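Engineer: I'm passing along entry_6.cif; it holds mmCIF, C-alpha atoms.
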```
data_my_file
#
loop_
_atom_site.label_atom_id
_atom_site.label_comp_id
_atom_site.auth_asym_id
_atom_site.auth_seq_id
_atom_site.Cartn_x
_atom_site.Cartn_y
_atom_site.Cartn_z
CA MET G 1 -75.70 -7.29 0.58
CA ARG G 2 -75.03 -3.66 1.36
CA ILE G 3 -72.44 -4.69 3.98
CA LEU G 4 -70.61 -6.92 1.47
CA GLU G 5 -70.64 -4.19 -1.13
CA ARG G 6 -69.09 -1.75 1.35
CA TRP G 7 -66.32 -4.25 2.20
CA GLY G 8 -65.71 -4.81 -1.50
CA TYR G 9 -65.15 -1.09 -2.03
CA LEU G 10 -62.68 -1.06 0.88
CA PHE G 11 -60.68 -3.97 -0.59
CA LEU G 12 -60.40 -2.07 -3.86
CA ILE G 13 -59.50 1.28 -2.28
CA ILE G 14 -56.79 0.05 0.17
CA PRO G 15 -54.45 -1.52 -2.47
CA MET G 16 -54.82 1.54 -4.71
CA PHE G 17 -53.94 3.83 -1.80
CA SER G 18 -50.87 1.73 -0.87
CA PHE G 19 -49.64 1.70 -4.45
CA SER G 20 -50.00 5.48 -4.78
CA VAL G 21 -47.95 6.03 -1.59
CA LEU G 22 -45.08 3.86 -2.84
CA VAL G 23 -44.99 5.56 -6.23
CA ALA G 24 -45.07 9.02 -4.68
CA GLN G 25 -42.27 8.38 -2.19
CA GLN G 26 -39.69 6.73 -4.42
CA PRO G 27 -39.17 9.53 -6.99
CA ALA G 28 -38.90 12.09 -4.21
CA SER G 29 -35.87 10.37 -2.64
CA SER G 30 -34.28 9.71 -6.01
CA SER G 31 -34.67 13.25 -7.30
CA GLN G 32 -33.12 14.75 -4.18
CA ASN G 33 -29.94 12.71 -4.38
CA PRO G 34 -29.64 9.89 -6.89
CA SER G 35 -26.39 8.61 -5.42
CA LYS G 36 -28.00 8.04 -2.02
CA ALA G 37 -30.80 6.09 -3.66
CA VAL G 38 -28.26 3.69 -5.12
CA GLN G 39 -26.48 3.24 -1.77
CA GLN G 40 -29.72 2.11 -0.15
CA ILE G 41 -29.83 -1.07 -2.26
CA PRO G 42 -29.49 -4.07 0.10
CA GLY G 43 -25.97 -5.49 0.09
CA ASN G 44 -24.34 -2.29 -1.19
CA SER G 45 -24.72 -0.13 1.90
CA PRO G 46 -21.48 1.19 3.49
CA SER G 47 -21.91 -1.16 6.44
CA SER G 48 -22.23 -4.24 4.24
CA MET G 49 -19.45 -3.36 1.79
CA GLY G 50 -16.71 -3.26 4.43
CA THR G 51 -13.57 -1.15 4.59
CA ALA G 52 -12.28 -2.27 1.18
CA ASN G 53 -14.68 0.11 -0.55
CA VAL G 54 -13.32 3.04 1.46
CA ASN G 55 -9.81 2.39 0.16
CA SER G 56 -10.83 1.69 -3.44
CA PRO G 57 -9.14 3.63 -6.26
CA ASP G 58 -12.34 5.59 -6.84
CA ALA G 59 -12.64 6.74 -3.23
CA GLY G 60 -11.73 10.28 -2.26
CA SER G 61 -8.40 9.19 -0.78
CA GLY G 62 -7.58 6.75 -3.56
CA LEU G 63 -6.01 6.94 -7.00
CA LEU G 64 -6.22 10.18 -8.93
CA LEU G 65 -7.36 10.42 -12.53
CA GLY G 66 -4.58 10.58 -15.08
CA PRO G 67 -3.90 10.73 -18.82
CA GLY G 68 -5.03 7.59 -20.63
CA ASP G 69 -7.70 6.65 -18.09
CA LEU G 70 -11.03 5.63 -19.62
CA VAL G 71 -13.88 7.31 -17.74
CA ASP G 72 -17.65 6.96 -17.97
CA ILE G 73 -19.48 10.21 -17.15
CA GLY G 74 -23.23 10.32 -16.64
CA VAL G 75 -25.64 13.12 -15.74
CA TYR G 76 -28.71 12.00 -13.83
CA ASN G 77 -31.89 12.26 -15.87
CA VAL G 78 -30.00 13.73 -18.87
CA PRO G 79 -28.91 10.72 -20.98
CA GLU G 80 -27.91 13.02 -23.86
CA LEU G 81 -24.89 14.18 -21.83
CA ALA G 82 -23.58 10.68 -21.08
CA THR G 83 -19.95 10.44 -22.17
CA LYS G 84 -17.40 7.64 -22.27
CA ALA G 85 -13.97 8.86 -23.28
CA ARG G 86 -10.28 8.56 -22.52
CA ILE G 87 -8.45 11.39 -20.80
CA GLY G 88 -6.01 13.03 -23.20
CA SER G 89 -2.27 13.36 -22.70
CA ASN G 90 -2.83 16.95 -21.56
CA GLY G 91 -5.27 15.81 -18.87
CA ASP G 92 -8.37 17.15 -20.64
CA ILE G 93 -11.58 15.42 -21.65
CA TYR G 94 -14.35 16.66 -23.95
CA LEU G 95 -17.90 16.92 -22.61
CA PRO G 96 -20.99 17.97 -24.60
CA LEU G 97 -22.00 21.60 -23.94
CA VAL G 98 -19.14 22.12 -21.48
CA ASP G 99 -16.33 21.70 -24.07
CA TYR G 100 -12.90 20.56 -22.86
CA ILE G 101 -12.36 20.27 -19.11
CA HIS G 102 -9.19 19.37 -17.20
CA ILE G 103 -9.75 16.49 -14.77
CA ALA G 104 -6.30 14.85 -14.55
CA GLY G 105 -4.95 15.01 -11.01
CA LEU G 106 -8.44 14.96 -9.49
CA THR G 107 -10.22 12.18 -7.68
CA PRO G 108 -13.43 10.93 -9.35
CA GLU G 109 -15.42 12.73 -6.66
CA GLU G 110 -13.61 16.01 -7.32
CA ALA G 111 -14.18 15.57 -11.07
CA GLN G 112 -17.89 15.06 -10.41
CA ASN G 113 -18.10 18.31 -8.45
CA LEU G 114 -16.19 20.22 -11.13
CA ILE G 115 -18.44 18.98 -13.95
CA GLN G 116 -21.56 19.73 -11.90
CA LYS G 117 -20.34 23.29 -11.37
CA LYS G 118 -19.60 23.76 -15.09
CA LEU G 119 -23.07 22.52 -16.06
CA ALA G 120 -24.80 24.69 -13.45
CA ASP G 121 -22.74 27.85 -14.10
CA GLY G 122 -23.33 27.57 -17.84
CA GLY G 123 -27.06 27.19 -17.32
CA PHE G 124 -27.09 23.90 -19.20
CA VAL G 125 -28.62 21.75 -16.43
CA ARG G 126 -30.47 22.88 -13.34
CA ASN G 127 -29.19 21.24 -10.15
CA PRO G 128 -27.13 18.60 -12.03
CA HIS G 129 -26.04 15.29 -10.46
CA VAL G 130 -22.95 13.86 -12.14
CA ASN G 131 -21.38 10.44 -11.72
CA VAL G 132 -17.79 9.72 -12.80
CA PHE G 133 -16.78 6.07 -13.02
CA VAL G 134 -13.28 4.87 -14.00
CA ASP G 135 -13.76 2.11 -16.55
CA GLU G 136 -10.07 1.47 -17.10
CA HIS G 137 -6.90 2.87 -15.62
CA ALA G 138 -4.05 3.53 -18.03
CA MET G 139 -1.67 1.84 -15.61
CA LYS G 140 -3.10 -1.67 -15.29
CA GLY G 141 -0.29 -3.18 -13.26
CA ALA G 142 1.77 -2.61 -10.14
CA SER G 143 5.55 -2.97 -10.05
CA LEU G 144 6.86 -5.30 -7.35
CA LEU G 145 10.61 -5.00 -6.85
CA GLY G 146 13.27 -5.94 -4.35
CA GLU G 147 13.50 -9.03 -2.19
CA VAL G 148 10.79 -11.24 -3.68
CA ALA G 149 11.24 -14.46 -5.61
CA ARG G 150 9.94 -13.08 -8.94
CA PRO G 151 10.13 -9.28 -9.21
CA GLY G 152 8.14 -7.74 -12.06
CA ILE G 153 4.94 -5.97 -13.09
CA TYR G 154 1.79 -7.74 -11.95
CA PRO G 155 -1.69 -7.07 -13.41
CA MET G 156 -4.32 -5.52 -11.18
CA LEU G 157 -7.53 -7.46 -11.68
CA GLY G 158 -10.16 -5.98 -9.41
CA GLN G 159 -9.21 -4.91 -5.91
CA GLN G 160 -5.79 -6.22 -4.95
CA ARG G 161 -4.05 -6.16 -1.60
CA LEU G 162 -0.38 -6.07 -0.79
CA PHE G 163 -0.09 -9.68 0.34
CA ASP G 164 -1.84 -10.88 -2.83
CA LEU G 165 0.96 -9.43 -4.96
CA ILE G 166 3.69 -10.77 -2.68
CA SER G 167 2.18 -14.24 -2.89
CA ALA G 168 1.90 -13.97 -6.70
CA ALA G 169 5.60 -13.05 -6.77
CA GLY G 170 6.56 -16.23 -4.89
CA GLY G 171 6.94 -14.65 -1.46
CA PHE G 172 9.95 -13.08 0.20
CA THR G 173 13.57 -14.05 -0.36
CA SER G 174 15.74 -15.05 2.58
CA SER G 175 17.29 -11.55 2.54
CA ALA G 176 14.01 -9.63 2.79
CA GLY G 177 13.74 -6.97 5.45
CA ARG G 178 10.82 -6.09 7.68
CA SER G 179 9.50 -3.08 5.81
CA ILE G 180 7.96 -2.45 2.39
CA SER G 181 7.89 0.88 0.57
CA ILE G 182 4.81 1.66 -1.55
CA THR G 183 4.77 4.67 -3.89
CA HIS G 184 1.48 5.64 -5.51
CA ARG G 185 1.71 7.03 -9.03
CA ASP G 186 -0.19 10.18 -8.01
CA GLN G 187 2.11 10.81 -5.01
CA PRO G 188 5.63 9.93 -6.19
CA ASP G 189 7.24 12.08 -3.48
CA LYS G 190 5.31 10.50 -0.61
CA PRO G 191 6.18 6.81 -0.32
CA VAL G 192 4.34 4.80 2.32
CA VAL G 193 6.41 2.46 4.50
CA VAL G 194 4.54 -0.63 5.70
CA PRO G 195 6.04 -2.84 8.45
CA VAL G 196 5.78 -6.59 7.90
CA SER G 197 7.11 -9.76 9.48
CA ARG G 198 8.36 -12.84 7.68
CA ASN G 199 5.05 -14.51 8.51
CA LEU G 200 2.45 -12.36 6.73
CA SER G 201 -0.38 -13.61 8.93
CA ASP G 202 1.22 -11.82 11.90
CA ASP G 203 0.54 -8.38 10.35
CA PRO G 204 -3.02 -8.32 8.96
CA GLU G 205 -3.19 -4.53 9.34
CA SER G 206 -0.31 -4.20 6.85
CA ASN G 207 -2.31 -5.92 4.10
CA ILE G 208 -3.38 -2.62 2.54
CA LEU G 209 -4.94 -2.02 -0.86
CA VAL G 210 -2.61 -1.42 -3.79
CA PHE G 211 -3.61 0.37 -6.97
CA PRO G 212 -2.59 0.35 -10.65
CA GLY G 213 0.63 2.26 -11.17
CA ASP G 214 1.96 1.61 -7.66
CA THR G 215 5.63 0.79 -7.16
CA ILE G 216 6.22 -1.67 -4.33
CA ILE G 217 9.74 -2.28 -3.06
CA VAL G 218 10.57 -5.00 -0.56
CA ARG G 219 13.76 -3.73 1.01
CA LYS G 220 16.71 -5.91 1.87
CA ALA G 221 17.37 -6.54 5.54
CA ASP G 222 20.32 -4.77 7.11
CA ILE G 223 23.44 -6.93 7.29
CA VAL G 224 26.24 -7.16 9.84
CA TYR G 225 29.44 -9.01 8.89
CA VAL G 226 31.52 -11.07 11.32
CA VAL G 227 34.87 -12.11 9.87
CA GLY G 228 38.23 -13.30 11.07
CA ASP G 229 39.04 -15.94 13.66
CA VAL G 230 35.46 -17.12 14.38
CA GLY G 231 33.66 -20.41 13.85
CA ARG G 232 31.53 -19.35 10.84
CA PRO G 233 32.56 -16.06 9.23
CA SER G 234 29.33 -14.80 7.69
CA GLY G 235 27.03 -11.88 7.09
CA PHE G 236 23.96 -11.88 9.35
CA LEU G 237 20.60 -10.26 8.65
CA MET G 238 19.34 -7.81 11.26
CA ASP G 239 15.82 -9.12 10.86
CA ASN G 240 14.50 -7.48 14.03
CA GLY G 241 16.36 -4.24 13.39
CA ARG G 242 18.95 -4.68 16.16
CA LEU G 243 22.00 -6.81 16.80
CA THR G 244 24.75 -6.52 19.41
CA VAL G 245 28.40 -7.55 19.38
CA LEU G 246 27.78 -10.61 21.57
CA GLN G 247 24.79 -11.69 19.48
CA ALA G 248 26.81 -11.39 16.28
CA ILE G 249 29.71 -13.37 17.74
CA ALA G 250 27.29 -16.07 18.90
CA LEU G 251 25.69 -16.30 15.45
CA ALA G 252 29.18 -16.70 13.99
CA GLY G 253 29.78 -19.77 16.14
CA GLY G 254 31.89 -17.97 18.73
CA THR G 255 35.56 -17.13 18.59
CA ASN G 256 38.26 -19.70 17.95
CA LYS G 257 40.93 -20.53 20.55
CA THR G 258 43.51 -18.62 18.56
CA ALA G 259 41.43 -15.41 18.46
CA LYS G 260 42.89 -12.23 19.91
CA LEU G 261 39.94 -10.99 21.99
CA SER G 262 41.59 -7.72 22.92
CA GLY G 263 42.18 -6.76 19.30
CA VAL G 264 38.64 -6.99 17.88
CA LYS G 265 37.84 -4.16 15.49
CA LEU G 266 34.47 -2.66 14.58
CA ILE G 267 34.51 -1.09 11.13
CA HIS G 268 31.59 1.22 10.45
CA ARG G 269 30.59 2.78 7.13
CA GLY G 270 29.04 6.17 7.84
CA SER G 271 28.24 9.35 5.97
CA GLY G 272 31.67 10.69 6.89
CA GLY G 273 33.49 7.62 5.58
CA ILE G 274 34.85 4.47 7.21
CA THR G 275 35.77 4.49 10.89
CA GLU G 276 37.58 1.84 12.94
CA THR G 277 36.92 1.26 16.64
CA THR G 278 38.54 -1.19 19.05
CA ILE G 279 36.08 -3.49 20.83
CA GLN G 280 37.10 -4.93 24.19
CA LEU G 281 35.46 -8.29 23.51
CA LYS G 282 37.29 -9.99 26.37
CA LYS G 283 35.90 -7.50 28.89
CA ILE G 284 32.42 -7.78 27.38
CA LEU G 285 32.55 -11.57 27.76
CA GLN G 286 33.65 -11.11 31.39
CA ALA G 287 30.80 -8.61 32.01
CA LYS G 288 33.35 -5.89 32.75
CA ALA G 289 32.14 -3.79 29.79
CA SER G 290 28.70 -3.26 28.33
CA ASP G 291 27.62 -4.95 25.13
CA GLN G 292 27.59 -2.68 22.09
CA PRO G 293 24.83 -2.41 19.46
CA LEU G 294 25.76 -2.80 15.82
CA GLN G 295 24.49 -0.87 12.82
CA ALA G 296 23.74 -1.86 9.25
CA GLU G 297 26.81 -2.79 7.17
CA ASP G 298 29.08 -2.93 10.24
CA ILE G 299 32.03 -5.31 10.02
CA LEU G 300 33.21 -7.05 13.17
CA PHE G 301 36.78 -8.26 12.63
CA VAL G 302 38.26 -10.79 15.08
CA PRO G 303 42.02 -11.12 14.46
CA SER G 304 44.15 -14.12 15.28
CA SER G 305 46.81 -13.78 17.97
CA ALA G 306 49.18 -15.84 15.87
CA ALA G 307 48.84 -13.66 12.78
CA LYS G 308 51.49 -10.99 12.32
CA VAL G 309 49.38 -8.32 10.70
CA ALA G 310 50.22 -4.68 11.17
CA MET G 311 47.45 -2.65 12.75
CA ALA G 312 47.43 -0.41 9.69
CA GLN G 313 46.47 -3.41 7.57
CA THR G 314 43.54 -4.48 9.76
CA LEU G 315 41.02 -2.34 7.87
CA GLY G 316 41.99 -3.72 4.46
CA ALA G 317 41.99 -7.31 5.68
CA ALA G 318 38.54 -6.95 7.25
CA LEU G 319 37.01 -5.35 4.16
CA GLN G 320 38.44 -8.06 1.92
CA ALA G 321 37.15 -10.81 4.20
CA ALA G 322 33.68 -9.28 4.37
CA THR G 323 33.29 -9.44 0.59
CA ALA G 324 34.10 -13.16 0.58
CA VAL G 325 31.71 -14.41 3.25
CA SER G 326 28.20 -15.67 2.59
CA VAL G 327 25.10 -14.05 4.03
CA VAL G 328 23.23 -16.20 6.52
CA ALA G 329 19.50 -15.73 7.01
CA ALA G 330 19.72 -15.85 10.78
CA HIS G 331 16.98 -14.07 12.69
CA PRO G 332 17.92 -13.55 16.32
#
```
Please, can you express the file's structure as structure tokens?

Structural biologist:
Amino acid sequence: MRILERWGYLFLIIPMFSFSVLVAQQPASSSQNPSKAVQQIPGNSPSSMGTANVNSPDAGSGLLLGPGDLVDIGVYNVPELATKARIGSNGDIYLPLVDYIHIAGLTPEEAQNLIQKKLADGGFVRNPHVNVFVDEHAMKGASLLGEVARPGIYPMLGQQRLFDLISAAGGFTSSAGRSISITHRDQPDKPVVVPVSRNLSDDPESNILVFPGDTIIVRKADIVYVVGDVGRPSGFLMDNGRLTVLQAIALAGGTNKTAKLSGVKLIHRGSGGITETTIQLKKILQAKASDQPLQAEDILFVPSSAAKVAMAQTLGAALQAATAVSVVAAHP
């Protein structure tokens, strides 16, 4: 009997001891840093959340707070200081005890640090821990412009990526180039250029996060015009960023039998105006001269040997012909 009684006491003491250890450890970790206690919840750790969380609007490198944003501010263990308010047009927000504080232009993390400092310096809260959460951004949509099927402003519901918006806009047009410019509302002077291919699956690293207020422009591909005595006078997209004289002539169906190969003109629009250069196409075809790269908006004019056009009129004839041709979505 005495042995059973001793074992009974042990069964009662061990659970009580285990319970006291758990209760004693949990508040200690929470009181030291409440934000770390939240991150330790299974499924919300940095390793399990992936890289999307790092690029979220509330991350340090993400979207800045701005006028009209609705923010939820909480102070750990001080529910009386919890505030949910919209940032005013002057960038200020009112907080109990602290009075008005300017947080526009800051990241949520920077706003947290500023509010913590104000509470500590004023002696209102000892060792405060503040959390700033953006409930609603004033700019709810992103503007998608340029070479997409349906340009416009698209709502940002949750985390959105670049390719999501392009798909919602119906995809690229046939004239779309291979780069996209993204301007964040908090950095209007620092646009980000993202390279893409016509097949979005080829560039998964370009599928970056986009935020409310962003302006996304899908630029038009550079065009080279081939006009005159060729099979298919057209404008050709420089989809891969480069095109040579021979490639352009080939895309245009080659020269006709009546073409004057020694009189081909390259008309270039530069910062200094329009220049005209003679291209020895016959020598290039005979491998006696090197092929020449073309630039955006160049016009390659192949005259006819039978036409009696003064050399002074070549420029005007080529410019007029270039405006009449159709653009072909050829991708050499």

Engineer: Just how far from atom CA of Asp202 of chain G is atom CA of Pro151 of chain G, in Å to one decimal?

Structural biologist: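 Interatomic distance, atom CA of Pro151 of chain G to atom CA of Asp202 of chain G: 23.1 Å.
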
Engineer: How would you write, as a list of chain:residue names, the residues chosen by the PyMOL selection byres ((chain G and resi 127) around 12) on this structure?

Structural biologist: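 This file gives the following for the PyMOL selection byres ((chain G and resi 127) around 12): G:Ser31, G:Gln32, G:Asn33, G:Pro34, G:Val75, G:Tyr76, G:Asn77, G:Val78, G:Asn113, G:Ile115, G:Gln116, G:Lys117, G:Lys118, G:Leu119, G:Ala120, G:Asp121, G:Gly122, G:Gly123, G:Phe124, G:Val125, G:Arg126, G:Pro128, G:His129, G:Val130.
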
Engineer: Please identify all polymer residues within 8 Å of segment 157-174 of chain G, counting only C-alpha atoms, omitting same-chain residues fewer than 3 positions from it, and present them as a list in words.

Structural biologist: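 Counting only C-alpha atoms, the residues come to Ser56, Leu144, Glu147, Val148, Ala149, Arg150, Pro151, Gly152, Tyr154, Arg198, Leu200, Ser206, Asn207, Ile208, Leu209, Val210, Phe211 and Ala329 of chain G.
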
Engineer: Nearest to Val71 of chain G: which of G:Val132, G:His102, G:Leu251, G:Leu97 is it, counting all atoms listed in the file?

Structural biologist: G:Val132

Engineer: For segment 60-147 of chain G versus segment 179-187 of chain G, which residues have an atom no more than 9 Å away, and what is each residue's nearest atom pair and distance in Å rounded to one decimal, using only C-alpha atoms, chain-then-number order, as CSV?

Structural biologist:
```
residue,atom,partner,partner_atom,distance
G:Leu63,CA,G:Asp186,CA,6.7
G:Leu64,CA,G:Asp186,CA,6.1
G:Leu65,CA,G:Asp186,CA,8.5
G:Gly66,CA,G:Asp186,CA,8.3
G:Gly105,CA,G:Asp186,CA,7.4
```

Engineer: Within 9 Å of Thr278 of chain G, counting only C-alpha atoms, which residues show up once you throw out same-chain ones fewer than 4 positions away? Write them as a list in words, please.

Structural biologist: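 The filter keeps Ser262, Gly263, Val264, Lys265, Leu266 and Ile267 of chain G.
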
Engineer: Please determine, counting only C-alpha atoms, which residue among G:Ile274, G:Ala250, G:Leu237, G:Ile284 has the shortest atom-to-atom distance to Ala296 of chain G.

Structural biologist: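 Of the candidates, the smallest distance to Ala296 of chain G is held by G:Leu237.
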
Engineer: One number please: atom CA of Gly68 of chain G to atom CA of Pro108 of chain G, in Å, one decimal.

Structural biologist: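 Pair atom CA of Gly68 of chain G / atom CA of Pro108 of chain G returns 14.5 Å.
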
Engineer: Report the distance between atom CA of Ile217 of chain G and atom CA of Leu106 of chain G in Å, rounded to one decimal place.

Structural biologist: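 Interatomic distance here is 25.9 Å.
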
Engineer: Axis-aligned box over every listed atom of segment 250-261 of chain G, padded by 3 Å per side: centre and edges in Å to one decimal, as JSON?

Structural biologist:
```
{"center_x": 34.6, "center_y": -15.8, "center_z": 18.0, "size_x": 23.8, "size_y": 15.5, "size_z": 14.0}
```

Engineer: Measuring between all atoms listed in the file, which one of G:Gln286, G:Gly91, G:Pro303, G:Asn131 shows the shortest distance to Pro79 of chain G?

Structural biologist: G:Asn131
